[in-house]
$ cat work_36.cif   # mmCIF, C-alpha atoms
data_work
loop_
_atom_site.label_atom_id
_atom_site.label_comp_id
_atom_site.auth_asym_id
_atom_site.auth_seq_id
_atom_site.Cartn_x
_atom_site.Cartn_y
_atom_site.Cartn_z
CA MET A 360 -17.51 -25.42 -6.12
CA SER A 361 -18.02 -21.65 -6.04
CA ASP A 362 -15.37 -19.17 -4.91
CA LEU A 363 -17.41 -18.27 -1.83
CA GLU A 364 -17.68 -21.89 -0.77
CA LEU A 365 -13.94 -22.34 -1.26
CA VAL A 366 -13.20 -19.25 0.82
CA SER A 367 -15.56 -20.41 3.54
CA LEU A 368 -13.88 -23.83 3.72
CA ALA A 369 -10.38 -22.34 3.59
CA ARG A 370 -11.27 -20.03 6.47
CA GLU A 371 -12.08 -23.10 8.55
CA GLY A 372 -8.59 -24.40 7.81
CA ASN A 373 -9.38 -26.66 4.87
CA GLU A 374 -6.09 -26.67 2.95
CA ARG A 375 -7.57 -28.41 -0.10
CA ALA A 376 -9.93 -25.50 -0.56
CA PHE A 377 -7.10 -22.99 -0.52
CA GLU A 378 -5.08 -25.16 -2.89
CA GLU A 379 -7.96 -24.96 -5.31
CA ILE A 380 -8.01 -21.16 -4.98
CA VAL A 381 -4.27 -21.07 -5.75
CA ARG A 382 -4.76 -23.33 -8.76
CA ARG A 383 -7.68 -21.29 -10.05
CA TYR A 384 -6.11 -17.85 -9.74
CA SER A 385 -2.39 -18.47 -10.25
CA PRO A 386 -2.49 -17.34 -13.91
CA LYS A 387 -4.09 -14.02 -12.96
CA VAL A 388 -1.74 -13.42 -10.03
CA PHE A 389 1.28 -14.30 -12.16
CA ARG A 390 0.12 -11.96 -14.90
CA ILE A 391 -0.06 -9.05 -12.45
CA ALA A 392 3.27 -9.89 -10.80
CA GLY A 393 4.81 -10.17 -14.27
CA LYS A 394 4.07 -6.49 -14.87
CA PHE A 395 6.37 -5.57 -12.03
CA PHE A 396 9.09 -8.20 -12.18
CA ARG A 397 10.84 -9.79 -15.10
CA GLN A 398 12.84 -12.62 -13.59
CA PRO A 399 10.67 -15.74 -13.24
CA ALA A 400 11.95 -16.32 -9.69
CA ALA A 401 10.97 -12.79 -8.67
CA VAL A 402 7.54 -13.18 -10.23
CA GLU A 403 7.02 -16.47 -8.40
CA ASP A 404 8.17 -14.97 -5.09
CA ALA A 405 5.75 -12.08 -5.49
CA ALA A 406 2.90 -14.42 -6.41
CA GLN A 407 3.64 -16.63 -3.44
CA GLU A 408 3.69 -13.70 -1.02
CA ALA A 409 0.40 -12.48 -2.48
CA PHE A 410 -1.24 -15.87 -1.87
CA LEU A 411 0.17 -16.07 1.65
CA LYS A 412 -1.21 -12.64 2.42
CA ALA A 413 -4.55 -13.63 0.93
CA TYR A 414 -4.57 -16.76 3.13
CA THR A 415 -4.06 -14.80 6.34
CA GLN A 416 -6.62 -12.19 5.30
CA LEU A 417 -9.36 -14.55 4.17
CA SER A 418 -11.68 -13.24 6.87
CA SER A 419 -11.64 -9.79 5.26
CA PHE A 420 -13.08 -11.16 2.01
CA GLU A 421 -16.76 -10.43 2.39
CA GLY A 422 -17.90 -11.69 -0.99
CA ARG A 423 -19.18 -8.32 -2.17
CA GLY A 424 -16.78 -8.23 -5.12
CA SER A 425 -15.23 -11.11 -6.99
CA LEU A 426 -12.48 -13.23 -5.46
CA GLU A 427 -10.44 -12.53 -8.58
CA GLY A 428 -10.68 -8.77 -8.02
CA TRP A 429 -9.82 -9.16 -4.35
CA LEU A 430 -6.77 -11.28 -5.15
CA SER A 431 -5.74 -8.86 -7.90
CA ARG A 432 -5.75 -6.00 -5.45
CA ILE A 433 -3.73 -7.94 -2.89
CA THR A 434 -1.22 -8.93 -5.59
CA ALA A 435 -0.89 -5.39 -6.93
CA ASN A 436 -0.34 -3.98 -3.43
CA GLN A 437 2.11 -6.72 -2.59
CA CYS A 438 4.11 -6.10 -5.77
CA ILE A 439 4.08 -2.33 -5.26
CA ASN A 440 5.46 -2.79 -1.74
CA MET A 441 8.08 -5.28 -2.88
CA LEU A 442 9.19 -3.05 -5.72
CA ARG A 443 9.33 -0.02 -3.44
CA HIS A 444 11.66 -1.86 -1.14
CA ALA A 445 13.79 -3.23 -3.92
CA ARG A 446 13.89 -0.38 -6.36
CA ARG A 447 16.91 1.65 -7.11
CA ARG A 448 16.93 5.35 -7.79
CA PRO A 449 15.11 6.13 -11.05
CA GLU A 450 18.02 8.18 -12.39
CA ALA A 451 20.30 5.19 -12.07
CA ALA A 452 17.88 3.01 -14.01
CA VAL A 453 17.65 5.46 -16.89
CA SER A 454 21.33 6.31 -17.04
CA GLU A 455 22.12 2.63 -17.51
CA LEU A 456 20.52 2.84 -20.92
CA THR A 457 22.85 5.31 -22.50
CA GLU A 458 25.87 3.09 -23.08
CA HIS A 459 24.43 -0.12 -24.42
CA ASP A 460 20.93 0.61 -25.52
CA GLY A 461 21.23 3.93 -27.30
CA PRO A 462 21.96 2.32 -30.67
CA TRP A 463 18.88 0.14 -30.33
CA LEU A 464 16.73 3.17 -29.67
CA GLU A 465 18.18 4.90 -32.70
CA ASN A 466 17.43 1.83 -34.78
CA GLN A 467 13.90 2.03 -33.51
CA LEU A 468 13.61 5.48 -34.93
CA SER A 469 15.01 4.62 -38.30
CA ASP A 470 13.62 1.11 -38.68
CA LEU A 471 10.49 0.08 -36.88
CA SER A 472 9.45 -2.68 -39.21
CA ALA A 473 7.18 -5.49 -38.12
CA GLU A 474 9.71 -8.15 -39.15
CA LEU A 475 12.22 -6.61 -36.81
CA HIS A 476 9.76 -6.83 -33.95
CA GLU A 477 8.88 -10.40 -34.58
CA ALA A 478 12.46 -11.49 -34.22
CA SER A 479 12.73 -13.02 -30.78
CA GLU A 480 16.15 -11.51 -30.11
CA ARG A 481 14.85 -8.05 -30.95
CA GLY A 482 11.87 -8.65 -28.73
CA ARG A 483 14.07 -9.70 -25.85
CA ILE A 484 16.28 -6.62 -26.17
CA ALA A 485 13.20 -4.44 -26.42
CA ALA A 486 11.78 -6.02 -23.27
CA ASP A 487 15.12 -5.45 -21.52
CA ILE A 488 15.07 -1.79 -22.42
CA ALA A 489 11.40 -1.51 -21.56
CA ASP A 490 12.12 -2.89 -18.13
CA LYS A 491 14.87 -0.35 -17.55
CA VAL A 492 12.78 2.55 -18.80
CA LEU A 493 9.80 1.41 -16.73
CA GLY A 494 12.15 1.40 -13.73
CA ALA A 495 12.10 5.19 -13.96
CA LEU A 496 8.42 5.18 -13.03
CA SER A 497 6.89 4.70 -9.62
CA PRO A 498 5.47 1.20 -9.04
CA GLU A 499 1.94 2.60 -9.25
CA ASP A 500 2.60 4.36 -12.57
CA ARG A 501 4.22 1.22 -13.89
CA LEU A 502 1.19 -0.87 -12.98
CA VAL A 503 -1.21 1.57 -14.64
CA LEU A 504 0.86 1.88 -17.79
CA MET A 505 1.45 -1.85 -18.18
CA SER A 506 -2.20 -2.61 -17.55
CA ILE A 507 -3.78 0.00 -19.82
CA ASP A 508 -1.19 0.45 -22.57
CA GLY A 509 0.28 -3.04 -22.39
CA GLU A 510 -2.52 -5.42 -21.55
CA ARG A 511 -5.26 -3.17 -22.87
CA LEU A 512 -7.27 -3.49 -19.68
CA PRO A 513 -10.21 -1.10 -19.33
CA VAL A 514 -9.74 1.79 -16.88
CA LYS A 515 -12.54 0.32 -14.78
CA ASP A 516 -10.63 -2.94 -14.22
CA VAL A 517 -7.48 -1.08 -13.24
CA ALA A 518 -9.53 1.03 -10.84
CA GLU A 519 -10.88 -2.14 -9.24
CA MET A 520 -7.43 -3.67 -9.02
CA THR A 521 -5.85 -0.62 -7.40
CA GLY A 522 -8.80 0.59 -5.38
CA TRP A 523 -8.54 4.05 -6.99
CA SER A 524 -11.23 6.03 -8.74
CA GLU A 525 -11.38 5.82 -12.53
CA SER A 526 -10.42 9.46 -12.86
CA LYS A 527 -7.35 8.88 -10.70
CA VAL A 528 -6.34 5.97 -12.91
CA LYS A 529 -6.71 8.16 -16.01
CA VAL A 530 -4.62 10.94 -14.49
CA ARG A 531 -1.98 8.43 -13.40
CA ALA A 532 -1.86 6.93 -16.89
CA PHE A 533 -1.54 10.37 -18.48
CA ARG A 534 1.33 11.33 -16.19
CA ALA A 535 3.04 7.95 -16.57
CA ARG A 536 2.92 8.21 -20.37
CA ARG A 537 4.37 11.69 -20.22
CA ARG A 538 7.17 10.65 -17.85
CA ILE A 539 8.20 7.62 -19.82
CA ARG A 540 7.98 9.48 -23.12
CA GLU A 541 10.16 12.29 -21.79
CA ALA A 542 12.64 9.77 -20.39
CA VAL A 543 12.95 8.05 -23.78
CA GLU A 544 13.15 11.42 -25.51
CA SER A 545 16.09 12.52 -23.39
CA LEU A 546 17.77 9.16 -23.94
CA LEU A 547 17.41 9.52 -27.67
CA GLN A 548 18.88 13.00 -27.58
CA ARG A 549 21.83 11.73 -25.53
CA ALA A 550 22.30 8.78 -27.85
CA LYS A 551 22.28 11.09 -30.86
CA LYS A 552 24.81 13.41 -29.25
CA ASN A 553 27.07 10.49 -28.38
CA GLY A 554 26.69 9.17 -31.92
CA SER A 555 27.63 12.48 -33.53
CA LYS A 556 30.62 12.90 -31.18
CA GLY A 557 31.79 9.39 -32.06
CA GLY A 558 31.39 10.13 -35.76
CA LYS A 559 33.48 13.32 -35.52
CA SER A 560 36.23 11.61 -33.58
CA ASP A 561 36.43 8.86 -36.19
CA VAL A 562 36.99 11.46 -38.88
CA MET B 677 0.86 28.17 -31.03
CA SER B 678 1.40 26.00 -27.99
CA GLU B 679 -2.24 24.87 -27.96
CA ASN B 680 -1.61 23.20 -31.29
CA HIS B 681 1.17 21.00 -29.93
CA ILE B 682 0.38 17.33 -29.86
CA THR B 683 1.95 16.27 -26.55
CA ASN B 684 -1.37 16.22 -24.71
CA LEU B 685 -2.85 14.12 -27.49
CA LEU B 686 0.07 11.67 -27.22
CA ASP B 687 -0.22 11.36 -23.45
CA ALA B 688 -4.00 11.10 -23.29
CA LYS B 689 -4.23 7.53 -24.59
CA PRO B 690 -2.05 4.62 -25.68
CA PHE B 691 -0.23 5.43 -28.91
CA SER B 692 -1.86 2.53 -30.70
CA ASP B 693 -5.30 3.86 -29.73
CA LEU B 694 -4.87 7.05 -31.74
CA SER B 695 -7.52 7.26 -34.42
CA ASP B 696 -6.63 7.78 -38.07
CA ALA B 697 -7.73 11.38 -37.86
CA GLU B 698 -5.61 11.98 -34.73
CA ARG B 699 -2.62 10.34 -36.35
CA LEU B 700 -3.06 12.47 -39.43
CA THR B 701 -3.25 15.62 -37.33
CA ALA B 702 -0.15 14.62 -35.40
CA GLU B 703 1.84 13.70 -38.49
CA SER B 704 1.01 16.90 -40.30
CA HIS B 705 1.95 18.87 -37.17
CA ILE B 706 5.37 17.24 -36.74
CA LEU B 707 6.37 18.27 -40.23
CA THR B 708 6.87 21.78 -38.95
CA CYS B 709 7.28 21.34 -35.18
CA ILE B 710 10.60 19.79 -34.16
CA PRO B 711 9.84 19.34 -30.40
CA CYS B 712 6.60 17.56 -31.24
CA ARG B 713 8.37 15.39 -33.79
CA SER B 714 10.74 14.23 -31.07
CA ALA B 715 7.79 13.61 -28.73
CA TYR B 716 5.92 11.68 -31.42
CA ASP B 717 8.91 9.44 -32.14
CA SER B 718 9.43 8.79 -28.45
CA ALA B 719 5.77 7.92 -27.95
CA ARG B 720 6.00 5.46 -30.82
CA ILE B 721 9.08 3.83 -29.29
CA VAL B 722 7.50 3.68 -25.84
CA SER B 723 4.51 1.95 -27.37
CA SER B 724 6.70 -0.70 -28.99
CA LEU B 725 8.73 -1.14 -25.79
CA ILE B 726 5.61 -1.73 -23.71
CA THR B 727 4.27 -4.14 -26.30
CA ALA B 728 7.52 -6.11 -26.17
CA ARG B 729 7.51 -6.15 -22.39
CA THR B 730 3.87 -7.25 -22.22
CA ALA B 731 4.57 -10.10 -24.63
CA GLU B 732 6.74 -11.68 -21.97
CA THR B 733 4.51 -13.78 -19.80
CA ALA B 734 5.28 -15.53 -16.57
CA GLU B 735 3.49 -18.77 -15.81
CA ALA B 736 3.09 -20.66 -12.59
CA GLY B 737 5.28 -23.73 -12.43
CA SER B 738 3.74 -27.12 -11.80
CA PHE B 739 4.94 -27.09 -8.19
CA PHE B 740 3.82 -23.58 -7.37
CA LYS B 741 0.67 -24.70 -5.59
CA THR B 742 2.69 -27.13 -3.47
CA ARG B 743 5.26 -24.45 -2.73
CA VAL B 744 2.58 -22.09 -1.41
CA MET B 745 1.05 -24.78 0.81
CA VAL B 746 4.48 -25.80 2.16
CA GLU B 747 5.21 -22.17 2.97
CA ILE B 748 1.88 -21.80 4.77
CA ARG B 749 2.76 -24.79 6.97
CA ALA B 750 6.36 -23.67 7.47
CA ARG B 751 5.30 -20.21 8.62
CA GLN B 752 2.41 -21.72 10.61
CA LEU B 753 0.00 -19.29 9.06
CA THR B 754 -3.67 -19.44 9.86
CA PRO B 755 -6.61 -17.61 8.38
CA GLU B 756 -7.06 -14.59 10.62
CA GLU B 757 -10.27 -14.07 12.56
CA PRO B 758 -12.33 -10.92 12.11
CA ALA B 759 -10.82 -7.79 13.62
CA LEU B 760 -13.17 -7.66 16.65
CA MET B 761 -12.41 -11.26 17.52
CA ARG B 762 -8.69 -10.58 17.21
CA MET B 763 -9.01 -7.54 19.46
CA TRP B 764 -10.94 -9.54 22.05
CA ARG B 765 -8.41 -12.36 21.92
CA ALA B 766 -5.54 -9.96 22.42
CA ALA B 767 -7.15 -7.92 25.16
CA ARG B 768 -9.37 -10.42 26.97
CA VAL B 769 -6.87 -11.17 29.79
CA LEU B 770 -6.34 -7.48 30.41
CA VAL B 771 -10.06 -6.69 30.27
CA THR B 772 -10.94 -9.58 32.61
CA THR B 773 -8.23 -8.59 35.08
CA MET B 774 -9.38 -4.98 35.08
CA ALA B 775 -13.01 -5.99 35.58
CA LEU B 776 -12.06 -8.22 38.53
CA LEU B 777 -9.92 -5.47 40.02
CA LEU B 778 -12.81 -3.04 39.69
CA VAL B 779 -15.17 -5.43 41.48
CA VAL B 780 -12.63 -6.01 44.29
CA LEU B 781 -12.01 -2.28 44.71
CA ALA B 782 -15.74 -1.55 44.78
CA GLY B 783 -16.22 -4.29 47.40
CA ILE B 784 -13.40 -2.95 49.54
CA THR B 785 -14.77 0.59 49.30
CA ILE B 786 -18.27 -0.45 50.36
CA TYR B 787 -16.96 -2.65 53.19
CA THR B 788 -14.57 -0.01 54.59
CA ARG B 789 -17.24 2.70 54.45
CA ALA B 790 -19.62 0.54 56.46
CA THR B 791 -16.87 -0.24 59.00
CA ASP B 792 -15.95 3.46 59.29
CA ILE B 793 -19.54 4.43 60.05
CA GLN B 794 -19.71 1.79 62.74
CA GLU B 795 -16.38 2.89 64.24
CA VAL B 796 -17.34 6.57 64.23
CA SER B 797 -20.64 5.78 65.92
CA ALA B 798 -18.85 3.74 68.56
CA ALA B 799 -16.18 6.37 69.07
CA ALA B 800 -18.74 9.14 69.27
CA ALA B 801 -20.22 7.39 72.27
CA ASN B 802 -16.88 7.74 74.15
CA VAL B 803 -16.72 11.24 75.72
CA TYR B 804 -12.90 11.26 75.75
CA SER B 805 -12.47 10.50 72.09
CA PRO B 806 -11.71 13.14 69.44
CA GLU B 807 -14.80 12.01 67.55
CA TYR B 808 -16.91 12.94 70.54
CA VAL B 809 -15.28 16.37 70.75
CA VAL B 810 -15.86 17.01 67.06
CA LEU B 811 -19.31 15.55 66.77
CA ALA B 812 -20.66 16.77 70.11
CA ARG B 813 -18.95 20.18 70.16
CA GLY B 814 -21.25 22.95 71.23
CA ASP B 815 -23.90 20.55 72.41
CA SER B 816 -23.06 21.15 76.03
CA ASP B 817 -24.30 24.37 77.62
CA ASP B 818 -21.40 24.69 80.04
CA GLU B 819 -18.72 24.44 77.32
CA LEU B 820 -16.78 27.65 76.58
CA VAL B 821 -17.31 29.22 73.18
CA ASN B 822 -14.29 30.37 71.13
CA ASP B 823 -14.55 34.02 72.15
CA GLN B 824 -14.55 33.06 75.81
CA VAL B 825 -11.47 30.89 75.28
CA LEU B 826 -9.65 33.72 73.53
CA GLU B 827 -10.61 36.22 76.24
CA THR B 828 -9.28 33.86 78.87
CA ILE B 829 -5.98 33.42 76.98
CA TYR B 830 -5.50 37.17 76.48
CA ALA B 831 -6.40 37.89 80.08
CA SER B 832 -3.82 35.39 81.30
CA GLU B 833 -1.17 36.85 78.94
CA ASP B 834 -1.94 40.42 80.15
CA SER B 835 -1.61 39.39 83.76
CA ASP B 836 1.69 37.62 82.99
CA GLY B 837 3.00 40.81 81.31
CA GLN B 838 2.19 42.96 84.25
#
$ encode --input "work_36.cif" --output "structure tokens"
Amino acid sequence: MSDLELVSLAREGNERAFEEIVRRYSPKVFRIAGKFFRQPAAVEDAAQEAFLKAYTQLSSFEGRGSLEGWLSRITANQCINMLRHARRRPEAAVSELTEHDGPWLENQLSDLSAELHEASERGRIAADIADKVLGALSPEDRLVLMSIDGERLPVKDVAEMTGWSESKVKVRAFRARRRIREAVESLLQRAKKNGSKGGKSDV
Amino acid sequence: MSENHITNLLDAKPFSDLSDAERLTAESHILTCIPCRSAYDSARIVSSLITARTAETAEAGSFFKTRVMVEIRARQLTPEEPALMRMWRAARVLVTTMALLLVVLAGITIYTRATDIQEVSAAAANVYSPEYVVLARGDSDDELVNDQVLETIYASEDSDGQ
């Protein structure tokens, strides 16, 4: 059954049809929600809210674009709103890194070998730090960066997902890269300073 | 000198998308430029961080579909109608009431106007009624005009004064 037929049936209150939509597009919705949230429960909550919103707004789906694109946009907006409500101050997120994660960042500089990356523990720590650093960005910047730099999505797809123009997506990505790079740069400088102070005090 | 810095190059695209030529340019530049070296290292770390974060995938549990459907029933959600239908549904009582009120008011206005005309016509026929005085004023030849009334009043006042 086509997406349009499913939507049409779901609009009339056919729950089976909507169940099929949920089954078909859960992977996509989860993938988008996973860019914003790390905890599986949070991802699932976001995905659920996105589907509930889609259900109540079925009448606004006119079938001009794809159902997948429409759901992606709803999910992205839903996650942006949820993150906006839940987010802490960016400074707080970045300052958390200095104590525990500075050494890891320094290791990254000195040893960025592939073997190190493949180690699951290393990967988990890296993802932890990534999450904290990404917390310094606005939800929109985070989405753009994770989509283009992380998932390698074309700018066009991100534009469709967000409803922005392609040039706006490019500008957002540029600024997001700069912000996150500068945040990491300042962290590294702080970590180095702390390291050199510690070294002196040991002597 | 600043136009030769590589920060714009680093921010323009994902780090892993830099071509060999761009990488070569950047790496030869950072040999002499300390700020750009720091930026280059940071960009490389950011790239690996994002890769690590992207590698983490969340998948829908086997009960997710059921959970969504249960939530739809629990919240008693329904697919919304188009906006115009929703507006009509919300406002139809008000609109109907206003339309009825308008019809009633129009009816009352027409009815009272017709009654007034009849009453005025009837009253105008009575020579002692105010309507007669107003409507028939000046019709009679033996009625005093305003100037004559005033003259009479002043004349009576003058005679009182004397």
$ resolve_selection --input "work_36.cif" --expression "the PyMOL selection byres ((chain A and resi 487) around 10)" --output "list in words"
Arg397, Leu456, Asp460, Arg481, Gly482, Arg483, Ile484, Ala485, Ala486, Ile488, Ala489, Asp490, Lys491, Val492 and Leu493 of chain A; Leu725, Ala728 and Arg729 of chain B
$ write_last_selection --input "work_36.cif" --atoms "C-alpha atoms" --output "compact mmCIF listing (two decimals), keeping the file's coordinate frame"
# COMPACT_ATOMS: atom_id res chain seq x y z
CA ARG A 397 10.84 -9.79 -15.10
CA LEU A 456 20.52 2.84 -20.92
CA ASP A 460 20.93 0.61 -25.52
CA ARG A 481 14.85 -8.05 -30.95
CA GLY A 482 11.87 -8.65 -28.73
CA ARG A 483 14.07 -9.70 -25.85
CA ILE A 484 16.28 -6.62 -26.17
CA ALA A 485 13.20 -4.44 -26.42
CA ALA A 486 11.78 -6.02 -23.27
CA ILE A 488 15.07 -1.79 -22.42
CA ALA A 489 11.40 -1.51 -21.56
CA ASP A 490 12.12 -2.89 -18.13
CA LYS A 491 14.87 -0.35 -17.55
CA VAL A 492 12.78 2.55 -18.80
CA LEU A 493 9.80 1.41 -16.73
CA LEU B 725 8.73 -1.14 -25.79
CA ALA B 728 7.52 -6.11 -26.17
CA ARG B 729 7.51 -6.15 -22.39
$ closest_residue --input "work_36.cif" --among "A:Ala532, A:Leu512, A:Leu426, A:Leu363" --to "chain B" --atoms "only C-alpha atoms"
A:Ala532
$ resolve_selection --input "work_36.cif" --expression "the PyMOL selection byres ((chain B) within 6 of (chain A))" --output "ChimeraX atom specification"
/B:687-688,690,718-719,725-730,734,744,754-758
$ axis_aligned_box --input "work_36.cif" --around "region 532-543 of chain A" --padding-each-side "5 Å" --output "lines of an AutoDock Vina configuration file"
center_x = 5.5
center_y = 9.6
center_z = -20.0
size_x = 24.8
size_y = 15.4
size_z = 17.6
$ resolve_selection --input "work_36.cif" --expression "the PyMOL selection byres ((chain A and resi 435) around 9)" --output "list in words"
Val388, Ile391, Ala392, Phe395, Ala409, Leu430, Ser431, Arg432, Ile433, Thr434, Asn436, Gln437, Cys438, Ile439, Asn440, Glu499, Leu502, Met520 and Thr521 of chain A
$ atom_distance --input "work_36.cif" --atom1 "CA of Arg762 (chain B)" --atom2 "CA of Glu421 (chain A)"
16.9 Å
